[in-house]
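Trainee: Take this structure first; my questions come after.
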Amino acid sequence: MKTRTCFGILLLPLLFSCVPPRHEIPMTEVPAAPLVRELDRRRESFSGLKAAARVQTERKGRKRVYESVALLQQGQAKFRIEGYGALGEPVFDALWDGKDLMLRMPGEADLVRTGPWAFERLIGFPLAPSELAAVLSGNVPPVRKSEEARARCSEDGRCVVEFRNDDARWRVHIVPASPFRIESGERYSGDDLVYTARFDAQEMIGGYLFPKRITVENADRKAALTIEYQDVEVNAPVEDRAFLPGGQGESR
């Protein structure tokens, strides 16, 4: 009996070594310009957002859930995110007017101007306001030098577009078939992965393919931001006064 057991233990690694490795689907390099144009068209077709959502943050195993969050956005230029408690009382406020980021944290009365590092303190990894604006609408930042972008596609109809913006590098996973869809995007700083943004539960809303669930995470830091949209108006007009420090969001 002991001989059989020892034999089984010795044989097990050999059996696993015989299992063929799982190969990634091969991809062929293709001209990037047409796919970059599609990314630009998608971003330009988004003009605004009014939505209610459930937001969850997770950092090193500690989760915080906000069941009632209102989001307003003007294109890729401005956003306001307001969290409310069970009785409708304001809990937090994040306002980006295209230049400055202002936050009002729980227990504070006024918005305070902060630097771009503020989101890193809140969610555990850096996320610039301009990048968050893109992610909230199911987009990625624009490709500034499209001639430097690279693209590869597989036989199953999926493609990857890679490009740089200053010191940031992006790898965007798309499906070019109609309707054009962004499945996810990975943001790097040099060779370091800063975060991955995934766009799920996509629905056509007002002629725009919108992700009802967005997850932004950094696996190494065990940090994640999850947005589950509930009531959504895409390309709804949002007035400038909603982005004034003393103003209130229009979605409430």
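Labels used: A, B, ... for chains in the order of the structure tokens, numbers from 1 for residues in each chain, and numbers from 1 for ligands as shown.
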Fewer than 4 positions away in the same chain doesn't count, so skip those; otherwise give me all residues within 10 Å of A:Leu193, counting only C-alpha atoms, as a list of chain:residue names.
Mentor: A:Arg169, A:Trp170, A:Glu186, A:Arg187, A:Tyr188, A:Ser189, A:Asn218, A:Ala219, A:Asp220
Trainee: How close does each residue of stretch 124-189 of chain A get to stretch 27-39 of chain A, giving the shortest atom pair and distance in Å to one decimal for every residue with an atom at most 10 Å away, counting only C-alpha atoms, sorted by chain and residue number, as CSV?
Mentor:
```
residue,atom,partner,partner_atom,distance
A:Asn139,CA,A:Leu39,CA,7.9
A:Val140,CA,A:Leu39,CA,8.1
A:Pro141,CA,A:Leu39,CA,9.3
A:Pro142,CA,A:Leu39,CA,7.8
A:Val143,CA,A:Val36,CA,7.2
A:Lys145,CA,A:Val36,CA,9.9
A:Ser146,CA,A:Ala33,CA,6.4
A:Glu147,CA,A:Ala33,CA,7.1
A:Glu148,CA,A:Ala32,CA,8.7
A:Ala149,CA,A:Ala32,CA,6.0
A:Arg150,CA,A:Ala32,CA,5.3
A:Ala151,CA,A:Ala32,CA,4.9
A:Arg152,CA,A:Glu29,CA,4.2
A:Cys153,CA,A:Met27,CA,5.0
A:Ser154,CA,A:Met27,CA,4.3
A:Glu155,CA,A:Met27,CA,7.4
A:Asp156,CA,A:Met27,CA,9.6
A:Gly157,CA,A:Met27,CA,10.0
A:Arg158,CA,A:Met27,CA,8.8
A:Cys159,CA,A:Met27,CA,7.9
A:Val160,CA,A:Met27,CA,8.8
A:Val161,CA,A:Ala32,CA,7.0
A:Glu162,CA,A:Ala32,CA,8.8
A:Phe163,CA,A:Val36,CA,9.6
A:Val172,CA,A:Leu39,CA,9.7
A:Ile174,CA,A:Leu35,CA,8.8
A:Val175,CA,A:Leu35,CA,9.7
A:Pro176,CA,A:Leu35,CA,7.4
A:Phe180,CA,A:Glu38,CA,7.4
A:Arg181,CA,A:Leu39,CA,9.1
A:Ile182,CA,A:Leu39,CA,8.5
```
Trainee: Output N, CA, C and O atoms of each residue in that selection to a file, as a CSV table (one decimal), in the first residue's frame.
Mentor:
```
chain,number,residue,atom,x,y,z
A,139,ASN,N,-14.9,54.7,-22.0
A,139,ASN,CA,-13.9,55.1,-23.0
A,139,ASN,C,-12.5,55.1,-22.4
A,139,ASN,O,-12.3,54.7,-21.3
A,140,VAL,N,-11.5,55.4,-23.3
A,140,VAL,CA,-10.1,55.5,-22.8
A,140,VAL,C,-9.7,56.9,-23.3
A,140,VAL,O,-10.3,57.5,-24.2
A,141,PRO,N,-8.6,57.5,-22.7
A,141,PRO,CA,-8.1,58.8,-23.1
A,141,PRO,C,-7.8,58.8,-24.6
A,141,PRO,O,-7.5,57.7,-25.2
A,142,PRO,N,-7.8,60.0,-25.3
A,142,PRO,CA,-7.5,60.0,-26.7
A,142,PRO,C,-6.1,59.7,-27.0
A,142,PRO,O,-5.1,59.8,-26.2
A,143,VAL,N,-5.9,59.1,-28.2
A,143,VAL,CA,-4.6,58.8,-28.8
A,143,VAL,C,-4.0,60.1,-29.4
A,143,VAL,O,-4.5,60.6,-30.3
A,145,LYS,N,-1.0,60.8,-30.7
A,145,LYS,CA,-0.2,60.6,-31.9
A,145,LYS,C,-0.6,59.2,-32.5
A,145,LYS,O,0.0,58.2,-32.2
A,146,SER,N,-1.6,59.3,-33.3
A,146,SER,CA,-2.2,58.0,-33.9
A,146,SER,C,-1.2,57.3,-34.7
A,146,SER,O,-1.2,56.0,-34.8
A,147,GLU,N,-0.2,58.0,-35.3
A,147,GLU,CA,0.8,57.3,-36.2
A,147,GLU,C,1.7,56.4,-35.3
A,147,GLU,O,2.4,55.5,-35.9
A,148,GLU,N,1.8,56.6,-34.0
A,148,GLU,CA,2.6,55.8,-33.1
A,148,GLU,C,1.8,54.7,-32.5
A,148,GLU,O,2.4,53.9,-31.8
A,149,ALA,N,0.5,54.6,-32.7
A,149,ALA,CA,-0.3,53.5,-32.2
A,149,ALA,C,0.0,52.2,-32.9
A,149,ALA,O,0.4,52.2,-34.1
A,150,ARG,N,-0.2,51.1,-32.3
A,150,ARG,CA,0.0,49.8,-32.9
A,150,ARG,C,-1.3,49.0,-32.6
A,150,ARG,O,-2.0,49.2,-31.6
A,151,ALA,N,-1.6,48.1,-33.5
A,151,ALA,CA,-2.9,47.3,-33.4
A,151,ALA,C,-2.6,45.9,-33.8
A,151,ALA,O,-1.8,45.6,-34.8
A,152,ARG,N,-3.3,44.9,-33.2
A,152,ARG,CA,-3.2,43.5,-33.6
A,152,ARG,C,-4.7,43.0,-33.5
A,152,ARG,O,-5.4,43.4,-32.6
A,153,CYS,N,-5.0,42.0,-34.3
A,153,CYS,CA,-6.3,41.4,-34.3
A,153,CYS,C,-6.2,39.9,-34.4
A,153,CYS,O,-5.2,39.4,-35.0
A,154,SER,N,-7.2,39.2,-33.9
A,154,SER,CA,-7.2,37.8,-33.9
A,154,SER,C,-8.3,37.3,-34.9
A,154,SER,O,-9.2,38.1,-35.3
A,155,GLU,N,-8.4,36.0,-35.2
A,155,GLU,CA,-9.4,35.5,-36.1
A,155,GLU,C,-10.8,35.6,-35.6
A,155,GLU,O,-11.7,35.5,-36.3
A,156,ASP,N,-10.9,35.6,-34.2
A,156,ASP,CA,-12.2,35.7,-33.6
A,156,ASP,C,-12.8,37.1,-33.6
A,156,ASP,O,-13.9,37.3,-33.0
A,157,GLY,N,-12.2,38.0,-34.2
A,157,GLY,CA,-12.7,39.4,-34.3
A,157,GLY,C,-12.4,40.3,-33.2
A,157,GLY,O,-13.0,41.4,-33.1
A,158,ARG,N,-11.5,40.0,-32.4
A,158,ARG,CA,-11.0,40.9,-31.3
A,158,ARG,C,-9.7,41.5,-31.6
A,158,ARG,O,-8.9,40.9,-32.3
A,159,CYS,N,-9.5,42.8,-31.2
A,159,CYS,CA,-8.3,43.5,-31.5
A,159,CYS,C,-7.8,44.2,-30.2
A,159,CYS,O,-8.5,44.4,-29.2
A,160,VAL,N,-6.5,44.5,-30.3
A,160,VAL,CA,-5.8,45.2,-29.2
A,160,VAL,C,-5.1,46.4,-29.8
A,160,VAL,O,-4.4,46.3,-30.8
A,161,VAL,N,-5.4,47.6,-29.3
A,161,VAL,CA,-4.7,48.8,-29.7
A,161,VAL,C,-3.8,49.3,-28.6
A,161,VAL,O,-4.3,49.4,-27.4
A,162,GLU,N,-2.6,49.6,-28.9
A,162,GLU,CA,-1.6,50.1,-27.9
A,162,GLU,C,-1.1,51.4,-28.3
A,162,GLU,O,-0.8,51.7,-29.5
A,163,PHE,N,-1.0,52.4,-27.3
A,163,PHE,CA,-0.5,53.7,-27.6
A,163,PHE,C,0.0,54.3,-26.3
A,163,PHE,O,-0.2,53.8,-25.2
A,172,VAL,N,-5.7,48.6,-25.2
A,172,VAL,CA,-7.2,48.7,-25.2
A,172,VAL,C,-7.7,47.4,-26.0
A,172,VAL,O,-7.3,47.2,-27.1
A,174,ILE,N,-10.7,45.7,-27.9
A,174,ILE,CA,-11.9,46.1,-28.5
A,174,ILE,C,-12.4,45.0,-29.4
A,174,ILE,O,-11.7,44.1,-29.8
A,175,VAL,N,-13.7,45.2,-29.8
A,175,VAL,CA,-14.4,44.4,-30.8
A,175,VAL,C,-14.9,45.3,-31.9
A,175,VAL,O,-15.8,46.1,-31.6
A,176,PRO,N,-14.2,45.4,-33.0
A,176,PRO,CA,-14.5,46.4,-34.0
A,176,PRO,C,-15.9,46.2,-34.7
A,176,PRO,O,-16.4,47.1,-35.4
A,180,PHE,N,-19.3,48.9,-32.5
A,180,PHE,CA,-17.9,49.0,-32.0
A,180,PHE,C,-18.0,48.9,-30.4
A,180,PHE,O,-18.7,49.7,-29.8
A,181,ARG,N,-17.1,48.1,-29.8
A,181,ARG,CA,-17.2,47.9,-28.4
A,181,ARG,C,-15.8,47.9,-27.8
A,181,ARG,O,-14.9,47.3,-28.3
A,182,ILE,N,-15.6,48.6,-26.6
A,182,ILE,CA,-14.4,48.5,-25.8
A,182,ILE,C,-14.7,47.6,-24.7
A,182,ILE,O,-15.6,47.8,-23.9
```
Trainee: DSSP on the backbone, then: every residue of stretch 52-95 of chain A marked strand (DSSP E or B), written as a ChimeraX atom specification.
Mentor: /A:52-59,62-74,78-84,90-95
Trainee: Restrict the selected residues to C-alpha atoms and save them as a compact mmCIF listing (two decimals), in the first residue's frame.
Mentor:
```txt
# COMPACT_ATOMS: atom_id res chain seq x y z
CA ALA A 52 -27.67 56.91 -10.41
CA ALA A 53 -25.36 54.10 -9.35
CA ARG A 54 -24.17 51.79 -6.64
CA VAL A 55 -20.46 52.29 -5.95
CA GLN A 56 -18.11 49.96 -4.08
CA THR A 57 -14.49 50.54 -3.14
CA GLU A 58 -12.21 47.77 -1.93
CA ARG A 59 -8.75 48.20 -0.49
CA ARG A 62 -11.81 46.32 3.34
CA LYS A 63 -14.96 47.15 1.39
CA ARG A 64 -17.10 50.27 1.47
CA VAL A 65 -20.43 50.42 -0.35
CA TYR A 66 -22.39 53.51 -1.35
CA GLU A 67 -25.89 52.44 -2.39
CA SER A 68 -26.98 55.85 -3.68
CA VAL A 69 -24.56 57.79 -5.86
CA ALA A 70 -25.47 60.44 -8.42
CA LEU A 71 -23.16 61.05 -11.39
CA LEU A 72 -23.17 63.98 -13.78
CA GLN A 73 -20.76 64.37 -16.66
CA GLN A 74 -20.21 66.83 -19.50
CA LYS A 78 -16.28 67.79 -16.32
CA PHE A 79 -17.90 65.48 -13.80
CA ARG A 80 -19.60 65.54 -10.42
CA ILE A 81 -20.08 62.49 -8.19
CA GLU A 82 -22.29 62.81 -5.10
CA GLY A 83 -22.88 60.08 -2.54
CA TYR A 84 -25.97 59.96 -0.29
CA PRO A 90 -25.12 64.05 1.50
CA VAL A 91 -22.12 61.87 2.34
CA PHE A 92 -19.42 62.93 -0.10
CA ASP A 93 -18.95 65.10 -3.18
CA ALA A 94 -16.28 64.94 -5.89
CA LEU A 95 -16.22 67.76 -8.43
```
Trainee: Go ahead and compute the interatomic distance for atom CA of A:Asp191 and atom CA of A:Arg171, in Å to one decimal.
Mentor: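 Separation of atom CA of A:Asp191 and atom CA of A:Arg171: 11.8 Å.
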